[in-house]
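Asks: Here it is, the structure, as structure tokens.
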Amino acid sequence: RFLSKPEYRIQLDDLFTQETERVIARISSAEFALPVQWDQAVFRKHVRQYEAATEVLACMVGVLGRWGQDSELPLVSDVIRQLYAYAENRPSGLVVFLNIRSYPAVLVFTAYGLGLTRAERWSTLHALFNTTIPGEYRTPVRVVETLFLQRWKGAERDAWKQIEGLERLRAPFSDHLLSLYSQWGNAFARLTPDFELMFERFELLGSLAYLEDDDKETIRKAVERDARDAYVSIPLVRIVWNRSNAEKLLTEIESAATKESLIRAGFAKKDPEFLDLCITNIKRIVGDRFYGR
């Protein structure tokens, strides 16, 4: 209702402010007290509690991504920054538990990104990946380098393998997010023919944005080397081992129409040659990991 008319802008801001404050109040409560030693059961419990505390806010943000306008990006960015700033005001405790304090910020970022992906709002998605938040020593860092997949410090593989059902998976955190948003996505991505494919499209575009921190010559030199690891590393995406979707998405992203849309949206620094190099880099990673090349 608040998205339907510009005159509801104040009510929309108030709604998100109140819900963000509610989330912070809850994750500040005693139920999130940090243990003094590693405990698998407590880790699993904290993950569930963070998700329960953030679900409403994440789904609200997903609706903004699916049905909103570009004007909502500053609102979502402020929500992410506030959640992340709370998490970074770190008490003492075990690193693994301190690192997942920013999980609510990850959940909100991912929900908005998936909503944008569902709506094919590529310009806003690119802007989201490049939104900055205060990092260590208050230095601005891009969201895609801080809250995206394994670039998030809480995504340590060994930790997420402690979650039931993820013990043997190659990228347990990514798999967990897919499972989670397959449920939450009903609030903002209904009638999506293939949610897994859409999720992996989001990951692929995030990887493209991640590579923008490198220059064209760095990537060119990497992919031209005759070596097994001849590529620039990216956060581990599911298409690395999901052959069916890898073929679909790589074919999609190599089409002239998709390239034009991504360049127009700001991906690959609006440089077609840089985009081609990034795609080659990702294909090299997929081939190396999946096909053993």
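Simple scheme: letters A, B, ... for chains in structure tokens order, numbers from 1 for residues in each chain, numbers from 1 for ligands in the order shown.
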Please provide the set of residues having any atom within 12 Å of Thr192 (chain A), restricted to only C-alpha atoms, with same-chain residues fewer than 2 positions apart removed, written as a list in words.
Replies: Arg66, Leu114, Gly115, Thr117, Arg118, Ala119, Ser182, Gly185, Asn186, Ala187, Phe188, Ala189, Arg190, Asp194, Phe195, Glu196, Leu197, Met198 and Phe199 of chain A
Asks: Between CA of Leu107 (chain A) and CA of Asp14 (chain A), what distance in Å does the model show, to one decimal?
Replies: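 Rounded to one decimal, the two atoms are 20.4 Å apart.
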Asks: Within 9 Å of Ile253 (chain A), counting only C-alpha atoms, which residues show up once you throw out same-chain ones fewer than 5 positions away? Write them as a ChimeraX atom specification, please.
Replies: /A:248,258-259,262,279
Asks: Using only C-alpha atoms, pick whichever of A:Ala25, A:Val47, A:Leu204, A:Ala52 has the shortest atom-to-atom distance to Tyr86 (chain A).
Replies: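 Looking at the shortest contact to Tyr86 (chain A), the residue is A:Ala25.
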Asks: Tell me, as a ChimeraX atom specification, which residues lie within 9 Å of Arg44 (chain A), counting only C-alpha atoms; anything in the same chain fewer than 6 positions away does not count.
Replies: /A:160,162-164
